[in-house]
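Undergrad: Take a look at the following structure, please.
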There are 4 protein chains.
Amino acid sequence: MESDHYNDPAMFGGCSVPIRVNRKSKPSPTVVNINGIPIGSSSVVIIAGPCSVESHEQLLETAREVKKAGGVLLRGGAFKPRSSPYNFQGLGKEGIKMLTEMRKATGLPFVTEVMDTRMVEFVAENSDMLQIGSRNMHNYPLLKEVGKLRKPVLLKRGMMATIEEFLLSAEYILNEGNEQVVLCERGIRTFEPTTRNTLDLSAVPMLKHLTHLPVIVDPSHGTGHRWMVPVMAKAAVAAGADGLILEVHYKPEEALCDGFQSLNPDEFSRLMAELKKIAQAVGRDIY
Amino acid sequence: MESDHYNDPAMFGGCSVPIRVNRKSKPSPTVVNINGIPIGSSSVVIIAGPCSVESHEQLLETAREVKKAGGVLLRGGAFKPRSSPYNFQGLGKEGIKMLTEMRKATGLPFVTEVMDTRMVEFVAENSDMLQIGSRNMHNYPLLKEVGKLRKPVLLKRGMMATIEEFLLSAEYILNEGNEQVVLCERGIRTFEPTTRNTLDLSAVPMLKHLTHLPVIVDPSHGTGHRWMVPVMAKAAVAAGADGLILEVHYKPEEALCDGFQSLNPDEFSRLMAELKKIAQAVGRDIY
Amino acid sequence: MESDHYNDPAMFGGCSVPIRVNRKSKPSPTVVNINGIPIGSSSVVIIAGPCSVESHEQLLETAREVKKAGGVLLRGGAFKPRSSPYNFQGLGKEGIKMLTEMRKATGLPFVTEVMDTRMVEFVAENSDMLQIGSRNMHNYPLLKEVGKLRKPVLLKRGMMATIEEFLLSAEYILNEGNEQVVLCERGIRTFEPTTRNTLDLSAVPMLKHLTHLPVIVDPSHGTGHRWMVPVMAKAAVAAGADGLILEVHYKPEEALCDGFQSLNPDEFSRLMAELKKIAQAVGRDIY
Amino acid sequence: MESDHYNDPAMFGGCSVPIRVNRKSKPSPTVVNINGIPIGSSSVVIIAGPCSVESHEQLLETAREVKKAGGVLLRGGAFKPRSSPYNFQGLGKEGIKMLTEMRKATGLPFVTEVMDTRMVEFVAENSDMLQIGSRNMHNYPLLKEVGKLRKPVLLKRGMMATIEEFLLSAEYILNEGNEQVVLCERGIRTFEPTTRNTLDLSAVPMLKHLTHLPVIVDPSHGTGHRWMVPVMAKAAVAAGADGLILEVHYKPEEALCDGFQSLNPDEFSRLMAELKKIAQAVGRDIY
């Protein structure tokens, strides 16, 4: 039986799947609800927005374009984990405030990153979904803290985390009582230098096979090239992703962060049309 | 201009693309012709067949199923590069003879691997396309030897080869005068143990961006799991692959090699139907 | 000039070294002082102790053996970052208390891990050196928090971190004003499964070349095999390490964590004698 | 019992060691004899010489310097596997002839690479030891061909090969009857860009643990930096290597290949003196 494969260590490289995230303990897929938007249903959900919240204007203009093109959930970072202390570190609480104003103006709920246990309560109260970024996938105190919430969590795969470690990190959250977890494949680190990361699309069917949690894909960080985002977004939907998270900026060339991998509104709008065809080809639709 | 990106070392990790394979030196896509079957056109070509030629019956039965389901080109190994000297090493020249008989019986042209410079002439005379496998991507005497032919070559990416090295290996072949080269992404080696390799689908748009040569994908070796082959085959077509090479065996559970990643005829037939929809969704069809 | 190499992107894969950790901005080596014990001088410092603090007896017995064999600094974890929520998570504050009692009884200062910004103050007040573990090398709020202290920090390389990212994380600490940072190579993640990690000893001369900060090596996590620790400890000293951090347990077979890679007291004692010879062979001694 | 560890899949990541190379089937270490020079004894053997044979003068001058400093075996490539077809491909048979003349003039035996099955007989007749390079570790026809010889073989680890695959490739040679095989760790490919490869020194004790064959290290390719070669050479001897293979060139700045990682005669001479101390510190000497 195929549904038994994932406990066969010979087939899965020794991967053992912890109990709460394990599909065997809950055969029906989990649908995570973000202010009415379901991730994990037959409809593919598109999350889009800027890498960082930079200003009222930038955020609002980008959000309006996202909404116009059919995006239903906004992404935007206020607390930014940057490799260098000399890079833009995000607007912090002020950025979160701008996001809530954006929501008021456009009706779009949003997901935003939290990096520090001391900020979890604040971010939870002022957002629709909390993101745990790649660099914090192994930050267990943070995972436990968001596990105590009853709020959706977007958990990104660590940049060099195995599938097993990814599932164990999700288990930390479920084990504290929060079952509203969406997993996100965002590229892993390999020896290949032409792409920012190597987008591991096999992780999508593998995770869907092993766990009942929904799985989305981030082709922006996964590739690091704006021109490559649309084609890999389509491949991700063909691979069975329950959603996509895309960097979109109203003026990518002026972005303070990740402009080189952000779509402009026109590119995003064209992509939305193409995604519909792919979703239909695999028996789904775009939410 | 996007077409200039690939000479920008900051954008492409220092990757430099050699002249003969470089898309700049030949903007129109190369179409490789295998006994009338074009790879690199708007039609996606499906190559299918067993990992190894094992017997007349196995080969013929499998070929008939492949043809019935719509496959147009057969794969089958007679000279097998196996990690262990104690594994089945292939039937050698006898296997090649069986392949030519299969072609006579079914009309299907075939691609088969060559590993030894001393065998190039024989394999070239008795096959329709020569495969250089992953383990020989860096075998420069072999690349030069197939470069002297006027016969199509299927060059598989080394299991830990960069895109640049892959293109340089193709350049070895073109530099000897043979331009009939098809590139094949087949998964790279990473730290992740749940899949046999990590299928690097980003390599498809990246290669199409950098070179005029056609690019196909091998989801069988790329994943190592039979159940995962169809979904990743679809993702590969969505990612822009010009073809697929799939392991199909009339009785996978009895295969001497790679049965765990081989589709049976029913699975292959169902997949062919699904691939048509994906191809249409990206403006192509199945050859 | 060799001292210029490290700003040559062609030679160092594009690695750029930030200003405060850069050897060019401070040519003399930094010596970090842990309660009178200098790391970064001509003497190699041996840090040893259990993975986790488990009990008064375990800690005290192990500390006495470490001291008897010549170890001058104890390691021991109270807050443990474990991949699974179902593994022993450490004794927390109670463990820190046991460590301070161990210090009172033996005179050995100690280093212990901190994972949560909310615990930094407490751990700083009750330890001699704070460890930032591999899983938190990218935890920037935590790095900033320990940067505000005037207390030595042991920063371990992330399991997936480049040399450049490692130096940038150290820069976060120095940039907040704390220059008492020791870097620790502890193995990186590769495709090789026979060792827990791949101990990257080249990182020792590379880091010494690029930065003025001291560099130590953890062969216990770096190899994951008790029997391999002594030989790799010797190789690390030959490679120029300023110190070693070793897992030692008075009864490894009963350890709650990492027993398979912990030396017993006899093995540790023998190793100390052998390390003296290697240190002398490279013109150094053991502190 | 430690000697049993290597059949414990839980301890060794599933690595299984084939019978002929397995230390269990032959507990005493194999000593490979190259014209009277033993590799695998208590004495560490230093192999040195240029990457490529470029001219009579270059080869002879370099060989004299190597001999003067205490080197006993020369390395030099005539058939060169180069990533690009536009790089210097070596002098071929002419280069082999120069090597035999060098031997006549200096008395130094030499090791040289063979890449093509058609050249094995010629190279075997005209050299003292055949090298199978990293790019050909998976070239099974070539392994079988050198297995039929009764001549020492230097087998380098593939840049992407696991320890298990490395041992299986050696097994191919032993299985044909040739037991005179020396294994060489030369760095593996990882995500780290500051070194050419990541020198995996843990492979030395691991291989010595699993097999009776001697193990040497190539710190020149392992690091890719001339200044780093001496320190990593010392670390390799501390790690238990039975020998080193070093790139030395009488004028590195004029080398046609790998000058950036080649020692000049003075550097090599100084290193030889330092290696003696390290060898003594681990109870060995330099041959």
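How things are named: the first chain in the structure tokens is A, the next is B, and so on; residues count from 1 in each chain; ligands count from 1 in the order shown.
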Mind fitting chain B to chain C by least squares on all Cα atoms in order and giving back the moved coordinates as an mmCIF file with C-alpha atoms, in the first residue's frame?
TA:
```
data_model
loop_
_atom_site.group_PDB
_atom_site.id
_atom_site.type_symbol
_atom_site.label_atom_id
_atom_site.label_comp_id
_atom_site.auth_asym_id
_atom_site.auth_seq_id
_atom_site.Cartn_x
_atom_site.Cartn_y
_atom_site.Cartn_z
ATOM 1 C CA MET B 1 50.751 40.032 -0.439
ATOM 2 C CA GLU B 2 48.954 37.189 1.236
ATOM 3 C CA SER B 3 47.213 39.513 3.649
ATOM 4 C CA ASP B 4 45.391 41.011 0.691
ATOM 5 C CA HIS B 5 44.017 37.747 -0.649
ATOM 6 C CA TYR B 6 40.856 37.936 1.275
ATOM 7 C CA ASN B 7 39.503 40.877 -0.567
ATOM 8 C CA ASP B 8 40.069 39.235 -3.923
ATOM 9 C CA PRO B 9 36.666 37.918 -4.960
ATOM 10 C CA ALA B 10 38.192 35.665 -7.608
ATOM 11 C CA MET B 11 40.219 33.880 -4.936
ATOM 12 C CA PHE B 12 37.565 33.717 -2.237
ATOM 13 C CA GLY B 13 34.356 32.949 -4.045
ATOM 14 C CA GLY B 14 33.009 36.458 -3.600
ATOM 15 C CA CYS B 15 33.351 36.354 0.188
ATOM 16 C CA SER B 16 33.430 39.856 1.638
ATOM 17 C CA VAL B 17 34.520 40.267 5.237
ATOM 18 C CA PRO B 18 32.700 42.884 7.326
ATOM 19 C CA ILE B 19 34.704 45.595 8.977
ATOM 20 C CA ARG B 20 34.678 44.833 12.709
ATOM 21 C CA VAL B 21 35.675 41.190 12.446
ATOM 22 C CA ASN B 22 38.052 41.873 9.551
ATOM 23 C CA ARG B 23 41.710 41.205 10.288
ATOM 24 C CA LYS B 24 42.622 44.257 8.283
ATOM 25 C CA SER B 25 40.880 46.539 10.731
ATOM 26 C CA LYS B 26 42.701 44.924 13.671
ATOM 27 C CA PRO B 27 45.855 43.039 12.647
ATOM 28 C CA SER B 28 46.661 41.668 16.114
ATOM 29 C CA PRO B 29 44.711 38.585 17.194
ATOM 30 C CA THR B 30 41.905 39.101 19.679
ATOM 31 C CA VAL B 31 42.374 37.168 22.908
ATOM 32 C CA VAL B 32 39.105 36.379 24.660
ATOM 33 C CA ASN B 33 39.347 36.151 28.413
ATOM 34 C CA ILE B 34 37.033 33.748 30.277
ATOM 35 C CA ASN B 35 37.595 34.276 33.967
ATOM 36 C CA GLY B 36 41.330 34.381 33.419
ATOM 37 C CA ILE B 37 41.520 31.756 30.698
ATOM 38 C CA PRO B 38 42.721 33.278 27.418
ATOM 39 C CA ILE B 39 41.479 31.912 24.087
ATOM 40 C CA GLY B 40 43.425 33.134 21.093
ATOM 41 C CA SER B 41 46.921 33.171 22.591
ATOM 42 C CA SER B 42 49.736 30.768 21.725
ATOM 43 C CA SER B 43 48.234 28.227 24.143
ATOM 44 C CA VAL B 44 45.502 25.917 22.996
ATOM 45 C CA VAL B 45 42.528 25.792 25.376
ATOM 46 C CA ILE B 46 40.586 22.585 25.974
ATOM 47 C CA ILE B 47 36.901 22.950 26.877
ATOM 48 C CA ALA B 48 35.227 19.717 27.915
ATOM 49 C CA GLY B 49 32.111 18.428 29.579
ATOM 50 C CA PRO B 50 28.780 16.778 29.027
ATOM 51 C CA CYS B 51 26.337 17.590 26.242
ATOM 52 C CA SER B 52 23.609 18.205 28.846
ATOM 53 C CA VAL B 53 23.548 18.841 32.540
ATOM 54 C CA GLU B 54 21.594 15.834 33.806
ATOM 55 C CA SER B 55 22.104 15.752 37.574
ATOM 56 C CA HIS B 56 24.334 17.042 40.355
ATOM 57 C CA GLU B 57 26.252 13.806 40.437
ATOM 58 C CA GLN B 58 26.745 13.498 36.688
ATOM 59 C CA LEU B 59 27.930 17.084 36.414
ATOM 60 C CA LEU B 60 30.237 17.058 39.398
ATOM 61 C CA GLU B 61 31.800 13.686 38.625
ATOM 62 C CA THR B 62 32.379 14.666 35.015
ATOM 63 C CA ALA B 63 33.810 18.063 36.005
ATOM 64 C CA ARG B 64 36.247 16.469 38.403
ATOM 65 C CA GLU B 65 37.477 14.090 35.723
ATOM 66 C CA VAL B 66 37.827 16.937 33.250
ATOM 67 C CA LYS B 67 39.830 18.961 35.731
ATOM 68 C CA LYS B 68 42.012 16.019 36.706
ATOM 69 C CA ALA B 69 42.936 15.410 33.081
ATOM 70 C CA GLY B 70 43.856 19.056 32.551
ATOM 71 C CA GLY B 71 40.704 20.626 31.161
ATOM 72 C CA VAL B 72 40.346 24.267 32.231
ATOM 73 C CA LEU B 73 36.863 25.192 31.101
ATOM 74 C CA LEU B 74 33.659 23.186 31.355
ATOM 75 C CA ARG B 75 30.884 22.897 28.817
ATOM 76 C CA GLY B 76 27.372 21.812 29.746
ATOM 77 C CA GLY B 77 23.936 22.509 28.317
ATOM 78 C CA ALA B 78 20.911 23.463 30.383
ATOM 79 C CA PHE B 79 18.787 24.881 27.569
ATOM 80 C CA LYS B 80 18.961 22.297 24.789
ATOM 81 C CA PRO B 81 17.890 22.845 21.184
ATOM 82 C CA ARG B 82 16.635 19.393 20.199
ATOM 83 C CA SER B 83 15.286 18.521 16.741
ATOM 84 C CA SER B 84 12.355 16.680 18.280
ATOM 85 C CA PRO B 85 9.961 18.018 20.901
ATOM 86 C CA TYR B 86 9.933 14.533 22.415
ATOM 87 C CA ASN B 87 13.656 14.515 23.224
ATOM 88 C CA PHE B 88 15.077 15.619 26.568
ATOM 89 C CA GLN B 89 14.929 19.429 26.492
ATOM 90 C CA GLY B 90 17.438 20.145 29.255
ATOM 91 C CA LEU B 91 17.003 21.172 32.884
ATOM 92 C CA GLY B 92 16.718 24.894 32.141
ATOM 93 C CA LYS B 93 17.347 27.306 35.027
ATOM 94 C CA GLU B 94 17.826 24.381 37.368
ATOM 95 C CA GLY B 95 20.667 23.186 35.147
ATOM 96 C CA ILE B 96 22.303 26.609 35.252
ATOM 97 C CA LYS B 97 22.134 26.495 39.040
ATOM 98 C CA MET B 98 23.886 23.107 39.028
ATOM 99 C CA LEU B 99 26.594 24.568 36.841
ATOM 100 C CA THR B 100 27.265 27.404 39.267
ATOM 101 C CA GLU B 101 27.486 24.866 42.090
ATOM 102 C CA MET B 102 29.892 22.786 40.016
ATOM 103 C CA ARG B 103 32.051 25.902 39.554
ATOM 104 C CA LYS B 104 32.031 26.546 43.278
ATOM 105 C CA ALA B 105 33.092 22.966 43.978
ATOM 106 C CA THR B 106 35.783 22.636 41.312
ATOM 107 C CA GLY B 107 36.829 26.158 40.370
ATOM 108 C CA LEU B 108 36.127 25.456 36.696
ATOM 109 C CA PRO B 109 34.442 28.273 34.797
ATOM 110 C CA PHE B 110 31.847 27.150 32.269
ATOM 111 C CA VAL B 111 30.202 27.933 28.962
ATOM 112 C CA THR B 112 26.517 27.186 28.435
ATOM 113 C CA GLU B 113 24.037 27.765 25.637
ATOM 114 C CA VAL B 114 21.345 30.409 25.480
ATOM 115 C CA MET B 115 18.550 30.102 22.912
ATOM 116 C CA ASP B 116 15.952 32.666 23.888
ATOM 117 C CA THR B 117 16.350 36.443 24.090
ATOM 118 C CA ARG B 118 14.299 36.397 27.283
ATOM 119 C CA MET B 119 16.937 34.231 28.979
ATOM 120 C CA VAL B 120 20.043 36.172 27.977
ATOM 121 C CA GLU B 121 20.207 38.291 31.100
ATOM 122 C CA PHE B 122 19.786 35.313 33.415
ATOM 123 C CA VAL B 123 22.355 33.152 31.642
ATOM 124 C CA ALA B 124 24.814 36.046 31.421
ATOM 125 C CA GLU B 125 24.602 36.640 35.148
ATOM 126 C CA ASN B 126 25.074 32.994 35.993
ATOM 127 C CA SER B 127 27.757 31.766 33.599
ATOM 128 C CA ASP B 128 31.245 32.594 32.388
ATOM 129 C CA MET B 129 30.654 32.408 28.657
ATOM 130 C CA LEU B 130 27.470 32.189 26.578
ATOM 131 C CA GLN B 131 27.181 29.808 23.688
ATOM 132 C CA ILE B 132 25.134 30.586 20.594
ATOM 133 C CA GLY B 133 24.530 27.188 19.015
ATOM 134 C CA SER B 134 24.530 26.224 15.346
ATOM 135 C CA ARG B 135 20.772 26.408 15.068
ATOM 136 C CA ASN B 136 20.837 30.020 16.271
ATOM 137 C CA MET B 137 23.725 31.368 14.225
ATOM 138 C CA HIS B 138 21.131 33.158 12.072
ATOM 139 C CA ASN B 139 19.032 34.271 15.070
ATOM 140 C CA TYR B 140 19.762 37.972 14.785
ATOM 141 C CA PRO B 141 17.709 39.226 17.756
ATOM 142 C CA LEU B 142 19.662 36.801 19.938
ATOM 143 C CA LEU B 143 22.987 37.915 18.429
ATOM 144 C CA LYS B 144 22.123 41.550 19.103
ATOM 145 C CA GLU B 145 21.160 40.736 22.662
ATOM 146 C CA VAL B 146 24.444 39.005 23.490
ATOM 147 C CA GLY B 147 26.179 41.838 21.655
ATOM 148 C CA LYS B 148 24.944 44.223 24.311
ATOM 149 C CA LEU B 149 26.695 42.217 27.038
ATOM 150 C CA ARG B 150 30.315 42.526 28.091
ATOM 151 C CA LYS B 151 30.688 38.782 28.439
ATOM 152 C CA PRO B 152 32.509 36.231 26.261
ATOM 153 C CA VAL B 153 30.422 34.561 23.550
ATOM 154 C CA LEU B 154 31.103 31.240 21.844
ATOM 155 C CA LEU B 155 29.503 31.440 18.394
ATOM 156 C CA LYS B 156 29.094 28.133 16.587
ATOM 157 C CA ARG B 157 28.957 27.966 12.810
ATOM 158 C CA GLY B 158 25.535 27.151 11.423
ATOM 159 C CA MET B 159 25.314 23.631 10.069
ATOM 160 C CA MET B 160 25.074 24.958 6.542
ATOM 161 C CA ALA B 161 26.467 28.449 6.921
ATOM 162 C CA THR B 162 29.130 29.824 4.637
ATOM 163 C CA ILE B 163 32.261 31.390 6.077
ATOM 164 C CA GLU B 164 30.892 34.775 5.016
ATOM 165 C CA GLU B 165 27.602 34.274 6.839
ATOM 166 C CA PHE B 166 29.482 33.053 9.899
ATOM 167 C CA LEU B 167 31.567 36.228 9.949
ATOM 168 C CA LEU B 168 28.478 38.380 9.398
ATOM 169 C CA SER B 169 26.825 36.776 12.418
ATOM 170 C CA ALA B 170 29.907 37.552 14.501
ATOM 171 C CA GLU B 171 29.747 41.098 13.145
ATOM 172 C CA TYR B 172 26.239 41.439 14.603
ATOM 173 C CA ILE B 173 27.723 40.832 18.054
ATOM 174 C CA LEU B 174 30.730 43.108 17.619
ATOM 175 C CA ASN B 175 28.540 45.790 16.114
ATOM 176 C CA GLU B 176 26.632 46.018 19.400
ATOM 177 C CA GLY B 177 29.880 46.563 21.265
ATOM 178 C CA ASN B 178 30.863 43.099 22.468
ATOM 179 C CA GLU B 179 34.223 42.052 21.018
ATOM 180 C CA GLN B 180 34.697 38.971 23.178
ATOM 181 C CA VAL B 181 33.695 36.458 20.514
ATOM 182 C CA VAL B 182 35.181 33.010 19.888
ATOM 183 C CA LEU B 183 34.243 31.275 16.620
ATOM 184 C CA CYS B 184 33.651 27.520 16.574
ATOM 185 C CA GLU B 185 33.767 25.205 13.548
ATOM 186 C CA ARG B 186 31.570 22.193 14.332
ATOM 187 C CA GLY B 187 31.027 20.448 11.041
ATOM 188 C CA ILE B 188 28.831 21.308 8.112
ATOM 189 C CA ARG B 189 26.060 19.402 6.442
ATOM 190 C CA THR B 190 27.013 17.574 3.267
ATOM 191 C CA PHE B 191 25.804 14.546 1.316
ATOM 192 C CA GLU B 192 28.105 12.166 3.231
ATOM 193 C CA PRO B 193 26.183 9.950 5.669
ATOM 194 C CA THR B 194 28.952 8.088 7.536
ATOM 195 C CA THR B 195 29.751 11.058 9.751
ATOM 196 C CA ARG B 196 27.167 13.157 11.595
ATOM 197 C CA ASN B 197 28.564 16.266 9.900
ATOM 198 C CA THR B 198 31.608 16.955 7.734
ATOM 199 C CA LEU B 199 34.200 18.657 9.923
ATOM 200 C CA ASP B 200 35.513 21.511 7.774
ATOM 201 C CA LEU B 201 39.033 21.941 9.142
ATOM 202 C CA SER B 202 39.958 24.268 6.273
ATOM 203 C CA ALA B 203 37.641 26.730 7.956
ATOM 204 C CA VAL B 204 40.258 27.125 10.706
ATOM 205 C CA PRO B 205 43.062 28.603 8.577
ATOM 206 C CA MET B 206 40.504 30.430 6.429
ATOM 207 C CA LEU B 207 38.907 32.132 9.432
ATOM 208 C CA LYS B 208 42.286 32.910 10.995
ATOM 209 C CA HIS B 209 43.218 34.487 7.666
ATOM 210 C CA LEU B 210 40.111 36.633 7.428
ATOM 211 C CA THR B 211 39.451 37.677 11.030
ATOM 212 C CA HIS B 212 41.277 38.548 14.228
ATOM 213 C CA LEU B 213 38.864 36.489 16.343
ATOM 214 C CA PRO B 214 39.985 33.177 17.886
ATOM 215 C CA VAL B 215 38.779 29.922 16.305
ATOM 216 C CA ILE B 216 38.115 26.638 18.062
ATOM 217 C CA VAL B 217 36.849 23.261 16.836
ATOM 218 C CA ASP B 218 34.191 20.836 18.067
ATOM 219 C CA PRO B 219 35.182 17.364 16.848
ATOM 220 C CA SER B 220 32.402 15.704 18.853
ATOM 221 C CA HIS B 221 29.543 17.170 16.807
ATOM 222 C CA GLY B 222 31.844 17.374 13.809
ATOM 223 C CA THR B 223 32.164 13.606 13.563
ATOM 224 C CA GLY B 224 29.447 12.030 15.706
ATOM 225 C CA HIS B 225 31.688 9.068 16.547
ATOM 226 C CA ARG B 226 33.437 8.736 19.897
ATOM 227 C CA TRP B 227 36.339 6.759 18.412
ATOM 228 C CA MET B 228 36.953 9.457 15.809
ATOM 229 C CA VAL B 229 37.061 12.404 18.211
ATOM 230 C CA PRO B 230 40.714 12.009 19.332
ATOM 231 C CA VAL B 231 42.198 11.784 15.853
ATOM 232 C CA MET B 232 40.179 14.741 14.584
ATOM 233 C CA ALA B 233 41.014 16.714 17.734
ATOM 234 C CA LYS B 234 44.677 16.269 16.868
ATOM 235 C CA ALA B 235 44.078 17.258 13.259
ATOM 236 C CA ALA B 236 42.270 20.387 14.450
ATOM 237 C CA VAL B 237 45.244 21.483 16.552
ATOM 238 C CA ALA B 238 47.561 20.797 13.608
ATOM 239 C CA ALA B 239 45.238 22.952 11.489
ATOM 240 C CA GLY B 240 45.822 25.867 13.855
ATOM 241 C CA ALA B 241 42.810 25.781 16.166
ATOM 242 C CA ASP B 242 43.056 27.986 19.256
ATOM 243 C CA GLY B 243 41.060 25.513 21.258
ATOM 244 C CA LEU B 244 38.810 22.489 21.265
ATOM 245 C CA ILE B 245 35.391 21.873 22.724
ATOM 246 C CA LEU B 246 34.847 18.209 23.536
ATOM 247 C CA GLU B 247 31.959 16.179 24.861
ATOM 248 C CA VAL B 248 33.100 14.212 27.909
ATOM 249 C CA HIS B 249 30.758 12.250 30.162
ATOM 250 C CA TYR B 250 31.637 10.210 33.209
ATOM 251 C CA LYS B 251 29.407 7.409 31.876
ATOM 252 C CA PRO B 252 28.773 7.983 28.162
ATOM 253 C CA GLU B 253 26.607 4.887 27.840
ATOM 254 C CA GLU B 254 24.119 6.428 30.289
ATOM 255 C CA ALA B 255 24.076 9.938 28.795
ATOM 256 C CA LEU B 256 20.662 11.428 28.008
ATOM 257 C CA CYS B 257 22.114 13.090 24.937
ATOM 258 C CA ASP B 258 25.000 12.447 22.521
ATOM 259 C CA GLY B 259 26.557 9.590 24.501
ATOM 260 C CA PHE B 260 27.710 8.011 21.225
ATOM 261 C CA GLN B 261 30.072 10.922 20.610
ATOM 262 C CA SER B 262 31.191 11.584 24.208
ATOM 263 C CA LEU B 263 34.586 10.520 25.484
ATOM 264 C CA ASN B 264 34.840 8.773 28.814
ATOM 265 C CA PRO B 265 37.350 10.127 31.357
ATOM 266 C CA ASP B 266 40.092 7.677 30.367
ATOM 267 C CA GLU B 267 39.801 8.500 26.703
ATOM 268 C CA PHE B 268 39.860 12.198 27.486
ATOM 269 C CA SER B 269 42.906 11.847 29.692
ATOM 270 C CA ARG B 270 44.832 9.930 27.017
ATOM 271 C CA LEU B 271 43.864 12.498 24.419
ATOM 272 C CA MET B 272 45.188 15.377 26.564
ATOM 273 C CA ALA B 273 48.629 13.738 26.550
ATOM 274 C CA GLU B 274 48.584 13.277 22.795
ATOM 275 C CA LEU B 275 47.430 16.832 22.167
ATOM 276 C CA LYS B 276 50.487 18.177 23.947
ATOM 277 C CA LYS B 277 52.747 16.549 21.364
ATOM 278 C CA ILE B 278 50.782 17.925 18.442
ATOM 279 C CA ALA B 279 50.675 21.404 19.960
ATOM 280 C CA GLN B 280 54.461 21.330 20.383
ATOM 281 C CA ALA B 281 54.906 20.157 16.801
ATOM 282 C CA VAL B 282 53.188 23.344 15.617
ATOM 283 C CA GLY B 283 54.998 25.596 18.074
ATOM 284 C CA ARG B 284 52.259 25.919 20.676
ATOM 285 C CA ASP B 285 51.336 24.385 23.999
ATOM 286 C CA ILE B 286 48.184 23.343 25.831
ATOM 287 C CA TYR B 287 46.894 25.908 28.332
#
```
Undergrad: Could you give me the residues within stretch 31-256 of chain D that DSSP places in alpha helix (DSSP H), as a ChimeraX atom specification?
TA: /D:56-69,93-106,120-125,140-147,163-175,203-210,219-223,229-238
Undergrad: Where does DSSP see strand (DSSP E) in stretch 15-94 of chain B, if you list the residues as a VMD selection string?
TA: chain B and resid 32 to 34 37 to 39 43 to 49 73 to 75
Undergrad: Any chance you can output those residues with C-alpha atoms as a short mmCIF file (atom, residue, chain, number, x, y, z; two decimals), in the first residue's frame?
TA:
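Once everything was written out, this is result_39.cif:
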```
data_model
loop_
_atom_site.label_atom_id
_atom_site.label_comp_id
_atom_site.auth_asym_id
_atom_site.auth_seq_id
_atom_site.Cartn_x
_atom_site.Cartn_y
_atom_site.Cartn_z
CA VAL B 32 17.68 17.43 -32.47
CA ASN B 33 16.34 14.87 -34.88
CA ILE B 34 16.25 11.19 -33.83
CA ILE B 37 11.53 12.58 -33.97
CA PRO B 38 12.36 16.21 -33.16
CA ILE B 39 13.44 17.21 -29.65
CA SER B 43 6.09 19.39 -29.00
CA VAL B 44 7.20 17.60 -25.89
CA VAL B 45 8.78 14.20 -26.57
CA ILE B 46 8.29 11.27 -24.22
CA ILE B 47 11.11 8.70 -24.06
CA ALA B 48 10.27 5.60 -22.05
CA GLY B 49 11.50 2.10 -21.41
CA LEU B 73 11.27 6.75 -28.42
CA LEU B 74 12.53 3.86 -26.31
CA ARG B 75 15.21 3.91 -23.66
#
```
